[in-house]
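Undergrad: Structure provided below as C-alpha coordinates; questions to follow.
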Amino acid sequence: DLILEEDQGSGVVWIRYSLTGNILYRAVVAKDTSNNPVNATQNALQPYLENVMNNASASVIATITASYPGTFPGGNPVPVFSFPQYQGATQAPPNIHNINVALIVMAPGQDLQTQRVRVATFTAQASTVNPYQ
(Lines give C-alpha, C1' and ligand atoms only; values in the text may rest on other atoms or scores of the structure.)
Protein backbone atom coordinates (compact mmCIF):
# COMPACT_ATOMS: atom_id res chain seq x y z
CA ASP A 1 0.00 0.00 0.00
CA LEU A 2 0.92 3.61 -0.46
CA ILE A 3 -0.83 6.30 1.53
CA LEU A 4 -0.22 9.94 0.70
CA GLU A 5 -1.41 13.07 2.41
CA GLU A 6 -2.32 16.06 0.26
CA ASP A 7 -3.42 19.57 1.13
CA GLN A 8 -6.04 20.43 -1.47
CA GLY A 9 -6.51 23.99 -0.27
CA SER A 10 -9.98 23.26 1.08
CA GLY A 11 -8.68 20.54 3.39
CA VAL A 12 -6.24 17.68 3.75
CA VAL A 13 -7.02 14.27 2.25
CA TRP A 14 -5.51 10.84 2.47
CA ILE A 15 -4.95 9.11 -0.87
CA ARG A 16 -4.40 5.37 -0.70
CA TYR A 17 -3.35 2.88 -3.37
CA SER A 18 -3.66 -0.80 -2.57
CA LEU A 19 -2.89 -3.82 -4.76
CA THR A 20 -5.14 -6.80 -4.08
CA GLY A 21 -4.71 -9.72 -6.45
CA ASN A 22 -4.28 -8.12 -9.86
CA ILE A 23 -6.40 -5.01 -9.18
CA LEU A 24 -4.93 -1.73 -7.98
CA TYR A 25 -7.45 0.10 -5.82
CA ARG A 26 -7.54 3.80 -4.95
CA ALA A 27 -9.30 5.78 -2.23
CA VAL A 28 -9.44 9.47 -1.37
CA VAL A 29 -10.93 10.54 1.96
CA ALA A 30 -10.76 13.62 4.15
CA LYS A 31 -8.04 13.31 6.78
CA ASP A 32 -9.52 12.31 10.12
CA THR A 33 -7.04 12.64 12.97
CA SER A 34 -9.23 10.44 15.18
CA ASN A 35 -8.66 7.50 12.80
CA ASN A 36 -5.68 5.93 11.09
CA PRO A 37 -5.44 6.22 7.30
CA VAL A 38 -5.74 2.47 6.63
CA ASN A 39 -9.03 2.19 8.51
CA ALA A 40 -10.32 5.50 7.18
CA THR A 41 -9.75 4.52 3.54
CA GLN A 42 -10.67 0.82 3.69
CA ASN A 43 -14.35 1.20 2.73
CA ALA A 44 -13.60 3.90 0.13
CA LEU A 45 -11.27 1.78 -2.04
CA GLN A 46 -12.42 1.58 -5.66
CA PRO A 47 -10.90 -0.36 -8.58
CA TYR A 48 -8.37 1.90 -10.30
CA LEU A 49 -6.41 -0.40 -12.65
CA GLU A 50 -7.00 -4.04 -13.58
CA ASN A 51 -4.57 -6.75 -14.73
CA VAL A 52 -1.66 -5.47 -12.65
CA MET A 53 0.81 -8.35 -12.64
CA ASN A 54 3.46 -7.05 -10.21
CA ASN A 55 2.59 -9.75 -7.66
CA ALA A 56 1.53 -12.49 -10.08
CA SER A 57 1.84 -16.20 -9.40
CA ALA A 58 5.07 -18.02 -10.30
CA SER A 59 3.46 -19.53 -13.42
CA VAL A 60 2.25 -16.13 -14.69
CA ILE A 61 5.66 -14.59 -13.95
CA ALA A 62 7.27 -17.40 -15.98
CA THR A 63 4.85 -16.82 -18.89
CA ILE A 64 5.55 -13.08 -18.92
CA THR A 65 9.31 -13.60 -18.56
CA ALA A 66 9.29 -15.93 -21.59
CA SER A 67 8.06 -13.03 -23.75
CA TYR A 68 9.60 -10.14 -21.82
CA PRO A 69 12.88 -11.19 -20.17
CA GLY A 70 13.96 -8.87 -17.39
CA THR A 71 10.44 -7.84 -16.40
CA PHE A 72 10.74 -9.79 -13.14
CA PRO A 73 14.38 -9.72 -11.96
CA GLY A 74 15.28 -13.11 -10.56
CA GLY A 75 11.75 -14.33 -11.31
CA ASN A 76 10.47 -12.43 -8.28
CA PRO A 77 7.42 -10.17 -7.91
CA VAL A 78 8.10 -6.46 -8.37
CA PRO A 79 6.76 -3.99 -5.78
CA VAL A 80 4.42 -1.35 -7.18
CA PHE A 81 5.83 1.26 -4.80
CA SER A 82 9.38 1.51 -3.52
CA PHE A 83 11.68 4.26 -2.42
CA PRO A 84 15.41 4.78 -2.78
CA GLN A 85 17.65 4.04 0.18
CA TYR A 86 19.60 7.08 1.37
CA GLN A 87 22.74 6.71 3.43
CA GLY A 88 22.32 7.81 7.01
CA ALA A 89 18.54 8.25 6.78
CA THR A 90 15.98 5.95 8.33
CA GLN A 91 13.17 4.76 6.07
CA ALA A 92 10.48 6.79 7.80
CA PRO A 93 8.08 9.43 6.46
CA PRO A 94 10.13 12.56 7.16
CA ASN A 95 13.04 11.03 5.24
CA ILE A 96 11.13 9.69 2.23
CA HIS A 97 11.26 12.24 -0.57
CA ASN A 98 11.00 10.06 -3.68
CA ILE A 99 8.70 7.14 -4.46
CA ASN A 100 9.37 4.85 -7.39
CA VAL A 101 6.30 3.46 -9.13
CA ALA A 102 6.42 0.36 -11.35
CA LEU A 103 3.24 -1.04 -12.87
CA ILE A 104 3.35 -4.24 -14.90
CA VAL A 105 0.06 -4.49 -16.75
CA MET A 106 -1.08 -7.36 -18.96
CA ALA A 107 -3.65 -6.98 -21.73
CA PRO A 108 -6.62 -9.33 -21.47
CA GLY A 109 -5.93 -10.97 -24.84
CA GLN A 110 -2.90 -12.37 -26.61
CA ASP A 111 -1.09 -10.70 -29.50
CA LEU A 112 -2.87 -11.88 -32.66
CA GLN A 113 0.35 -12.37 -34.64
CA THR A 114 2.69 -13.89 -32.05
CA GLN A 115 0.09 -15.49 -29.75
CA ARG A 116 2.13 -14.20 -26.80
CA VAL A 117 0.86 -12.25 -23.83
CA ARG A 118 0.91 -8.48 -24.21
CA VAL A 119 2.52 -6.71 -21.28
CA ALA A 120 3.50 -3.10 -20.67
CA THR A 121 5.67 -1.85 -17.83
CA PHE A 122 5.12 1.72 -16.71
CA THR A 123 7.64 3.38 -14.42
CA ALA A 124 7.70 6.78 -12.77
CA GLN A 125 9.09 8.59 -9.80
CA ALA A 126 7.06 10.87 -7.57
CA SER A 127 8.80 13.45 -5.41
CA THR A 128 7.52 15.32 -2.40
CA VAL A 129 6.88 19.01 -2.55
CA ASN A 130 7.24 20.35 0.94
CA PRO A 131 8.06 24.03 1.36
CA TYR A 132 8.92 23.46 5.03
CA GLN A 133 11.81 21.04 4.42
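How things are named: the first chain in the C-alpha coordinates is A, the next is B, and so on; residues count from 1 in each chain; ligands count from 1 in the order shown.
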List the neighbours of A:Val105 out to 10 Å using only C-alpha atoms; skip same-chain residues closer than 5 positions along the sequence, and give me the result as a PyMOL selection string.
TA: chain A and resi 22-23+49-54+118-122
Undergrad: Those same residues, written as a PDB file, in the first residue's frame with N, CA and C atoms?
TA:
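Final output, part20.pdb:
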ATOM      1  N   ASN A  22      -4.824  -8.847  -8.706  1.00  0.00           N
ATOM      2  CA  ASN A  22      -4.285  -8.119  -9.865  1.00  0.00           C
ATOM      3  C   ASN A  22      -5.040  -6.805 -10.110  1.00  0.00           C
ATOM      4  N   ILE A  23      -5.679  -6.283  -9.067  1.00  0.00           N
ATOM      5  CA  ILE A  23      -6.398  -5.008  -9.184  1.00  0.00           C
ATOM      6  C   ILE A  23      -5.778  -3.990  -8.239  1.00  0.00           C
ATOM      7  N   LEU A  49      -7.087   0.190 -11.493  1.00  0.00           N
ATOM      8  CA  LEU A  49      -6.412  -0.398 -12.649  1.00  0.00           C
ATOM      9  C   LEU A  49      -6.450  -1.912 -12.518  1.00  0.00           C
ATOM     10  N   GLU A  50      -6.915  -2.578 -13.574  1.00  0.00           N
ATOM     11  CA  GLU A  50      -7.004  -4.040 -13.579  1.00  0.00           C
ATOM     12  C   GLU A  50      -5.811  -4.650 -14.298  1.00  0.00           C
ATOM     13  N   ASN A  51      -5.619  -5.956 -14.089  1.00  0.00           N
ATOM     14  CA  ASN A  51      -4.566  -6.749 -14.731  1.00  0.00           C
ATOM     15  C   ASN A  51      -3.160  -6.282 -14.373  1.00  0.00           C
ATOM     16  N   VAL A  52      -2.992  -5.820 -13.138  1.00  0.00           N
ATOM     17  CA  VAL A  52      -1.664  -5.465 -12.647  1.00  0.00           C
ATOM     18  C   VAL A  52      -0.974  -6.761 -12.216  1.00  0.00           C
ATOM     19  N   MET A  53       0.153  -7.063 -12.831  1.00  0.00           N
ATOM     20  CA  MET A  53       0.812  -8.349 -12.645  1.00  0.00           C
ATOM     21  C   MET A  53       2.036  -8.291 -11.737  1.00  0.00           C
ATOM     22  N   ASN A  54       2.270  -7.196 -11.051  1.00  0.00           N
ATOM     23  CA  ASN A  54       3.457  -7.052 -10.211  1.00  0.00           C
ATOM     24  C   ASN A  54       3.628  -8.191  -9.217  1.00  0.00           C
ATOM     25  N   ARG A 118       0.520  -9.873 -23.977  1.00  0.00           N
ATOM     26  CA  ARG A 118       0.910  -8.477 -24.211  1.00  0.00           C
ATOM     27  C   ARG A 118       1.030  -7.802 -22.857  1.00  0.00           C
ATOM     28  N   VAL A 119       2.226  -7.308 -22.581  1.00  0.00           N
ATOM     29  CA  VAL A 119       2.519  -6.715 -21.281  1.00  0.00           C
ATOM     30  C   VAL A 119       3.202  -5.373 -21.494  1.00  0.00           C
ATOM     31  N   ALA A 120       2.825  -4.403 -20.664  1.00  0.00           N
ATOM     32  CA  ALA A 120       3.498  -3.105 -20.668  1.00  0.00           C
ATOM     33  C   ALA A 120       3.955  -2.813 -19.244  1.00  0.00           C
ATOM     34  N   THR A 121       5.147  -2.270 -19.135  1.00  0.00           N
ATOM     35  CA  THR A 121       5.666  -1.853 -17.833  1.00  0.00           C
ATOM     36  C   THR A 121       5.764  -0.339 -17.831  1.00  0.00           C
ATOM     37  N   PHE A 122       5.125   0.261 -16.857  1.00  0.00           N
ATOM     38  CA  PHE A 122       5.122   1.715 -16.711  1.00  0.00           C
ATOM     39  C   PHE A 122       5.905   2.059 -15.447  1.00  0.00           C
TER      40      PHE A 122
END
Undergrad: Could you give me, as a ChimeraX atom specification, the residues within 6 Å of stretch 24-35 of chain A, counting only C-alpha atoms and dropping anything in the same chain fewer than 4 positions from it?
TA: /A:12-19,41,44-49
Undergrad: What does the file look like for those residues with all heavy atoms, as a short mmCIF file (atom, residue, chain, number, x, y, z; two decimals), in the first residue's frame?
TA:
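Output (part_36.cif):
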data_model
loop_
_atom_site.label_atom_id
_atom_site.label_comp_id
_atom_site.auth_asym_id
_atom_site.auth_seq_id
_atom_site.Cartn_x
_atom_site.Cartn_y
_atom_site.Cartn_z
N VAL A 12 -7.24 18.72 3.97
CA VAL A 12 -6.24 17.68 3.75
C VAL A 12 -6.95 16.35 3.52
O VAL A 12 -7.93 16.04 4.20
CB VAL A 12 -5.27 17.59 4.94
CG1 VAL A 12 -4.26 16.46 4.77
CG2 VAL A 12 -4.54 18.92 5.14
N VAL A 13 -6.45 15.60 2.55
CA VAL A 13 -7.02 14.27 2.25
C VAL A 13 -5.93 13.23 2.33
O VAL A 13 -4.74 13.51 2.18
CB VAL A 13 -7.68 14.22 0.85
CG1 VAL A 13 -8.86 15.16 0.76
CG2 VAL A 13 -6.67 14.49 -0.26
N TRP A 14 -6.36 12.00 2.60
CA TRP A 14 -5.51 10.84 2.47
C TRP A 14 -5.83 10.18 1.15
O TRP A 14 -7.00 9.99 0.79
CB TRP A 14 -5.77 9.84 3.58
CG TRP A 14 -5.19 10.21 4.91
CD1 TRP A 14 -3.98 10.78 5.15
CD2 TRP A 14 -5.77 9.99 6.19
NE1 TRP A 14 -3.78 10.93 6.49
CE2 TRP A 14 -4.87 10.45 7.15
CE3 TRP A 14 -6.98 9.43 6.61
CZ2 TRP A 14 -5.12 10.40 8.51
CZ3 TRP A 14 -7.23 9.36 7.96
CH2 TRP A 14 -6.31 9.85 8.90
N ILE A 15 -4.80 9.82 0.40
CA ILE A 15 -4.95 9.11 -0.87
C ILE A 15 -4.24 7.77 -0.69
O ILE A 15 -3.05 7.73 -0.36
CB ILE A 15 -4.33 9.89 -2.04
CG1 ILE A 15 -4.94 11.29 -2.12
CG2 ILE A 15 -4.50 9.12 -3.35
CD1 ILE A 15 -4.20 12.23 -3.05
N ARG A 16 -4.97 6.70 -0.90
CA ARG A 16 -4.40 5.37 -0.70
C ARG A 16 -4.48 4.56 -1.98
O ARG A 16 -5.50 4.56 -2.66
CB ARG A 16 -5.16 4.64 0.41
CG ARG A 16 -4.66 3.23 0.66
CD ARG A 16 -5.48 2.57 1.75
NE ARG A 16 -5.10 1.18 1.95
CZ ARG A 16 -5.81 0.33 2.66
NH1 ARG A 16 -6.92 0.70 3.26
NH2 ARG A 16 -5.41 -0.92 2.78
N TYR A 17 -3.39 3.86 -2.28
CA TYR A 17 -3.35 2.88 -3.37
C TYR A 17 -3.06 1.53 -2.75
O TYR A 17 -2.15 1.41 -1.92
CB TYR A 17 -2.24 3.24 -4.37
CG TYR A 17 -2.50 4.53 -5.10
CD1 TYR A 17 -2.02 5.73 -4.60
CD2 TYR A 17 -3.23 4.55 -6.28
CE1 TYR A 17 -2.27 6.92 -5.26
CE2 TYR A 17 -3.48 5.74 -6.95
CZ TYR A 17 -2.99 6.92 -6.43
OH TYR A 17 -3.24 8.09 -7.08
N SER A 18 -3.81 0.52 -3.14
CA SER A 18 -3.66 -0.80 -2.57
C SER A 18 -3.81 -1.85 -3.66
O SER A 18 -4.81 -1.86 -4.38
CB SER A 18 -4.73 -1.00 -1.48
OG SER A 18 -4.61 -2.28 -0.91
N LEU A 19 -2.83 -2.74 -3.78
CA LEU A 19 -2.89 -3.82 -4.76
C LEU A 19 -3.42 -5.07 -4.08
O LEU A 19 -2.83 -5.58 -3.12
CB LEU A 19 -1.50 -4.09 -5.35
CG LEU A 19 -1.42 -5.19 -6.41
CD1 LEU A 19 -2.26 -4.83 -7.64
CD2 LEU A 19 0.03 -5.45 -6.81
N THR A 41 -9.62 4.69 4.99
CA THR A 41 -9.75 4.52 3.54
C THR A 41 -10.29 3.16 3.13
O THR A 41 -10.67 2.97 1.97
CB THR A 41 -8.40 4.73 2.84
OG1 THR A 41 -7.44 3.83 3.41
CG2 THR A 41 -7.91 6.17 2.99
N ALA A 44 -13.53 2.98 1.28
CA ALA A 44 -13.60 3.90 0.13
C ALA A 44 -12.81 3.40 -1.08
O ALA A 44 -12.85 4.02 -2.14
CB ALA A 44 -13.10 5.28 0.55
N LEU A 45 -12.09 2.29 -0.93
CA LEU A 45 -11.27 1.78 -2.04
C LEU A 45 -12.14 1.39 -3.23
O LEU A 45 -13.14 0.70 -3.08
CB LEU A 45 -10.44 0.58 -1.59
CG LEU A 45 -9.29 0.89 -0.65
CD1 LEU A 45 -8.73 -0.39 -0.02
CD2 LEU A 45 -8.19 1.65 -1.37
N GLN A 46 -11.73 1.87 -4.41
CA GLN A 46 -12.42 1.58 -5.66
C GLN A 46 -11.42 1.04 -6.67
O GLN A 46 -10.26 1.47 -6.67
CB GLN A 46 -13.06 2.85 -6.24
CG GLN A 46 -14.12 3.47 -5.37
CD GLN A 46 -15.37 2.62 -5.31
OE1 GLN A 46 -15.80 2.08 -6.32
NE2 GLN A 46 -15.94 2.46 -4.12
N PRO A 47 -11.83 0.12 -7.55
CA PRO A 47 -10.90 -0.36 -8.58
C PRO A 47 -10.35 0.80 -9.40
O PRO A 47 -11.11 1.68 -9.83
CB PRO A 47 -11.76 -1.28 -9.44
CG PRO A 47 -12.89 -1.69 -8.56
CD PRO A 47 -13.14 -0.50 -7.66
N TYR A 48 -9.04 0.82 -9.59
CA TYR A 48 -8.37 1.90 -10.30
C TYR A 48 -7.71 1.39 -11.58
O TYR A 48 -7.75 2.03 -12.60
CB TYR A 48 -7.35 2.54 -9.36
CG TYR A 48 -6.72 3.81 -9.87
CD1 TYR A 48 -7.47 4.95 -10.05
CD2 TYR A 48 -5.35 3.86 -10.14
CE1 TYR A 48 -6.88 6.13 -10.49
CE2 TYR A 48 -4.75 5.02 -10.58
CZ TYR A 48 -5.52 6.16 -10.75
OH TYR A 48 -4.93 7.32 -11.20
N LEU A 49 -7.09 0.19 -11.49
CA LEU A 49 -6.41 -0.40 -12.65
C LEU A 49 -6.45 -1.91 -12.52
O LEU A 49 -6.06 -2.46 -11.48
CB LEU A 49 -4.96 0.09 -12.72
CG LEU A 49 -4.11 -0.39 -13.88
CD1 LEU A 49 -4.70 0.06 -15.23
CD2 LEU A 49 -2.68 0.10 -13.74
#
Undergrad: At a cut-off of 9 Å, using only C-alpha atoms, what residues contact stretch 74-82 of chain A? Leave out same-chain residues fewer than 6 positions from it and give the result as a PDB file with N, CA, C and O atoms, in the first residue's frame.
TA:
ATOM      1  N   ASP A   1       0.831  -1.184   0.000  1.00  0.00           N
ATOM      2  CA  ASP A   1       0.000   0.000   0.000  1.00  0.00           C
ATOM      3  C   ASP A   1       0.877   1.249   0.000  1.00  0.00           C
ATOM      4  O   ASP A   1       1.998   1.232   0.494  1.00  0.00           O
ATOM      5  N   LEU A   2       0.303   2.288  -0.536  1.00  0.00           N
ATOM      6  CA  LEU A   2       0.918   3.608  -0.456  1.00  0.00           C
ATOM      7  C   LEU A   2      -0.170   4.555  -0.001  1.00  0.00           C
ATOM      8  O   LEU A   2      -1.268   4.571  -0.573  1.00  0.00           O
ATOM      9  N   LEU A  19      -2.826  -2.740  -3.777  1.00  0.00           N
ATOM     10  CA  LEU A  19      -2.887  -3.823  -4.756  1.00  0.00           C
ATOM     11  C   LEU A  19      -3.417  -5.074  -4.076  1.00  0.00           C
ATOM     12  O   LEU A  19      -2.830  -5.580  -3.120  1.00  0.00           O
ATOM     13  N   MET A  53       0.153  -7.063 -12.831  1.00  0.00           N
ATOM     14  CA  MET A  53       0.812  -8.349 -12.645  1.00  0.00           C
ATOM     15  C   MET A  53       2.036  -8.291 -11.737  1.00  0.00           C
ATOM     16  O   MET A  53       2.777  -9.271 -11.636  1.00  0.00           O
ATOM     17  N   ASN A  54       2.270  -7.196 -11.051  1.00  0.00           N
ATOM     18  CA  ASN A  54       3.457  -7.052 -10.211  1.00  0.00           C
ATOM     19  C   ASN A  54       3.628  -8.191  -9.217  1.00  0.00           C
ATOM     20  O   ASN A  54       4.743  -8.595  -8.912  1.00  0.00           O
ATOM     21  N   ASN A  55       2.530  -8.704  -8.686  1.00  0.00           N
ATOM     22  CA  ASN A  55       2.587  -9.747  -7.664  1.00  0.00           C
ATOM     23  C   ASN A  55       1.928 -11.031  -8.177  1.00  0.00           C
ATOM     24  O   ASN A  55       1.235 -11.712  -7.440  1.00  0.00           O
ATOM     25  N   ALA A  56       2.158 -11.328  -9.448  1.00  0.00           N
ATOM     26  CA  ALA A  56       1.528 -12.494 -10.080  1.00  0.00           C
ATOM     27  C   ALA A  56       2.088 -13.799  -9.521  1.00  0.00           C
ATOM     28  O   ALA A  56       3.140 -13.831  -8.875  1.00  0.00           O
ATOM     29  N   SER A  57       1.381 -14.875  -9.811  1.00  0.00           N
ATOM     30  CA  SER A  57       1.840 -16.202  -9.401  1.00  0.00           C
ATOM     31  C   SER A  57       3.122 -16.563 -10.167  1.00  0.00           C
ATOM     32  O   SER A  57       3.445 -15.967 -11.192  1.00  0.00           O
ATOM     33  N   ALA A  58       3.812 -17.576  -9.665  1.00  0.00           N
ATOM     34  CA  ALA A  58       5.069 -18.018 -10.302  1.00  0.00           C
ATOM     35  C   ALA A  58       4.843 -18.435 -11.753  1.00  0.00           C
ATOM     36  O   ALA A  58       5.672 -18.152 -12.627  1.00  0.00           O
ATOM     37  N   ILE A  61       4.354 -15.257 -13.828  1.00  0.00           N
ATOM     38  CA  ILE A  61       5.661 -14.590 -13.953  1.00  0.00           C
ATOM     39  C   ILE A  61       6.507 -15.309 -15.002  1.00  0.00           C
ATOM     40  O   ILE A  61       7.145 -14.677 -15.848  1.00  0.00           O
ATOM     41  N   ALA A  62       6.498 -16.631 -14.998  1.00  0.00           N
ATOM     42  CA  ALA A  62       7.268 -17.402 -15.984  1.00  0.00           C
ATOM     43  C   ALA A  62       6.755 -17.153 -17.399  1.00  0.00           C
ATOM     44  O   ALA A  62       7.548 -17.004 -18.338  1.00  0.00           O
ATOM     45  N   THR A  65       7.853 -13.630 -18.373  1.00  0.00           N
ATOM     46  CA  THR A  65       9.308 -13.599 -18.558  1.00  0.00           C
ATOM     47  C   THR A  65       9.718 -14.254 -19.869  1.00  0.00           C
ATOM     48  O   THR A  65      10.689 -13.825 -20.504  1.00  0.00           O
ATOM     49  N   ASN A  98      11.264  10.567  -2.343  1.00  0.00           N
ATOM     50  CA  ASN A  98      11.001  10.056  -3.684  1.00  0.00           C
ATOM     51  C   ASN A  98      10.359   8.682  -3.572  1.00  0.00           C
ATOM     52  O   ASN A  98      10.778   7.864  -2.755  1.00  0.00           O
ATOM     53  N   ILE A  99       9.367   8.439  -4.409  1.00  0.00           N
ATOM     54  CA  ILE A  99       8.703   7.144  -4.457  1.00  0.00           C
ATOM     55  C   ILE A  99       8.765   6.646  -5.889  1.00  0.00           C
ATOM     56  O   ILE A  99       8.346   7.347  -6.813  1.00  0.00           O
ATOM     57  N   ASN A 100       9.322   5.457  -6.071  1.00  0.00           N
ATOM     58  CA  ASN A 100       9.374   4.846  -7.391  1.00  0.00           C
ATOM     59  C   ASN A 100       8.092   4.049  -7.602  1.00  0.00           C
ATOM     60  O   ASN A 100       7.636   3.345  -6.709  1.00  0.00           O
ATOM     61  N   VAL A 101       7.522   4.179  -8.775  1.00  0.00           N
ATOM     62  CA  VAL A 101       6.299   3.464  -9.127  1.00  0.00           C
ATOM     63  C   VAL A 101       6.614   2.575 -10.326  1.00  0.00           C
ATOM     64  O   VAL A 101       7.189   3.041 -11.312  1.00  0.00           O
ATOM     65  N   ALA A 102       6.250   1.302 -10.241  1.00  0.00           N
ATOM     66  CA  ALA A 102       6.421   0.363 -11.350  1.00  0.00           C
ATOM     67  C   ALA A 102       5.131  -0.437 -11.486  1.00  0.00           C
ATOM     68  O   ALA A 102       4.735  -1.142 -10.567  1.00  0.00           O
ATOM     69  N   LEU A 103       4.474  -0.291 -12.601  1.00  0.00           N
ATOM     70  CA  LEU A 103       3.242  -1.036 -12.869  1.00  0.00           C
ATOM     71  C   LEU A 103       3.470  -1.959 -14.054  1.00  0.00           C
ATOM     72  O   LEU A 103       3.836  -1.510 -15.140  1.00  0.00           O
ATOM     73  N   ILE A 104       3.258  -3.243 -13.838  1.00  0.00           N
ATOM     74  CA  ILE A 104       3.354  -4.238 -14.901  1.00  0.00           C
ATOM     75  C   ILE A 104       1.921  -4.650 -15.208  1.00  0.00           C
ATOM     76  O   ILE A 104       1.251  -5.253 -14.374  1.00  0.00           O
TER      77      ILE A 104
END
Undergrad: How would you write, as a list in words, the set of residues in chain A that DSSP gives as helix (DSSP H, G or I)?
TA: Pro37, Val38, Asn39, Ala40, Thr41, Gln42, Ala58, Ser59, Val60, Ile61, Ala62, Thr63, Ile64, Thr65, Ala66, Ser67, Pro73, Gly74, Gly75, Pro93, Pro94 and Asn95 of chain A
Undergrad: Just checking: using only C-alpha atoms, which residue out of A:Ala107, A:Val129, A:Ile3, A:Val117 ends up closest to A:Ser67?
TA: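 Comparing A:Ala107, A:Val129, A:Ile3, A:Val117 against A:Ser67, the winner is A:Val117.
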Undergrad: Tell me which of A:Ile64, A:His97, A:Gln125, A:Gln85 sits closest to A:Gln110, counting only C-alpha atoms.
TA: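 Going through A:Ile64, A:His97, A:Gln125, A:Gln85 one by one, the smallest distance to A:Gln110 is for A:Ile64.
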Undergrad: Atom CA of A:Phe72 to atom CA of A:Thr123: how many Å, to one decimal?
TA: 13.6 Å
Undergrad: Using Å and a single decimal, report how far atom CA of A:Val38 sits from atom CA of A:Gly11.
TA: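 According to the coordinates, atom CA of A:Gly11 and atom CA of A:Val38 are separated by 18.6 Å.
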Undergrad: Just to confirm, what's the straight-line distance from atom CA of A:Ser127 to atom CA of A:Pro84 in Å (one decimal)?
TA: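 Rounded to one decimal, the two atoms are 11.2 Å apart.
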Undergrad: Rank A:Gln42, A:Thr63, A:Asp7, A:Asn36 by their smallest atom-to-atom distance to A:Gln115, using only C-alpha atoms, and report the top residue only.
TA: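 For A:Gln115, the nearest of the candidates is A:Thr63.
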Undergrad: If you run DSSP on the backbone, which residues of chain A are strand (DSSP E), as a VMD selection string?
TA: chain A and resid 2 to 7 12 to 20 23 to 30 46 to 49 81 to 82 98 to 106 119 to 127
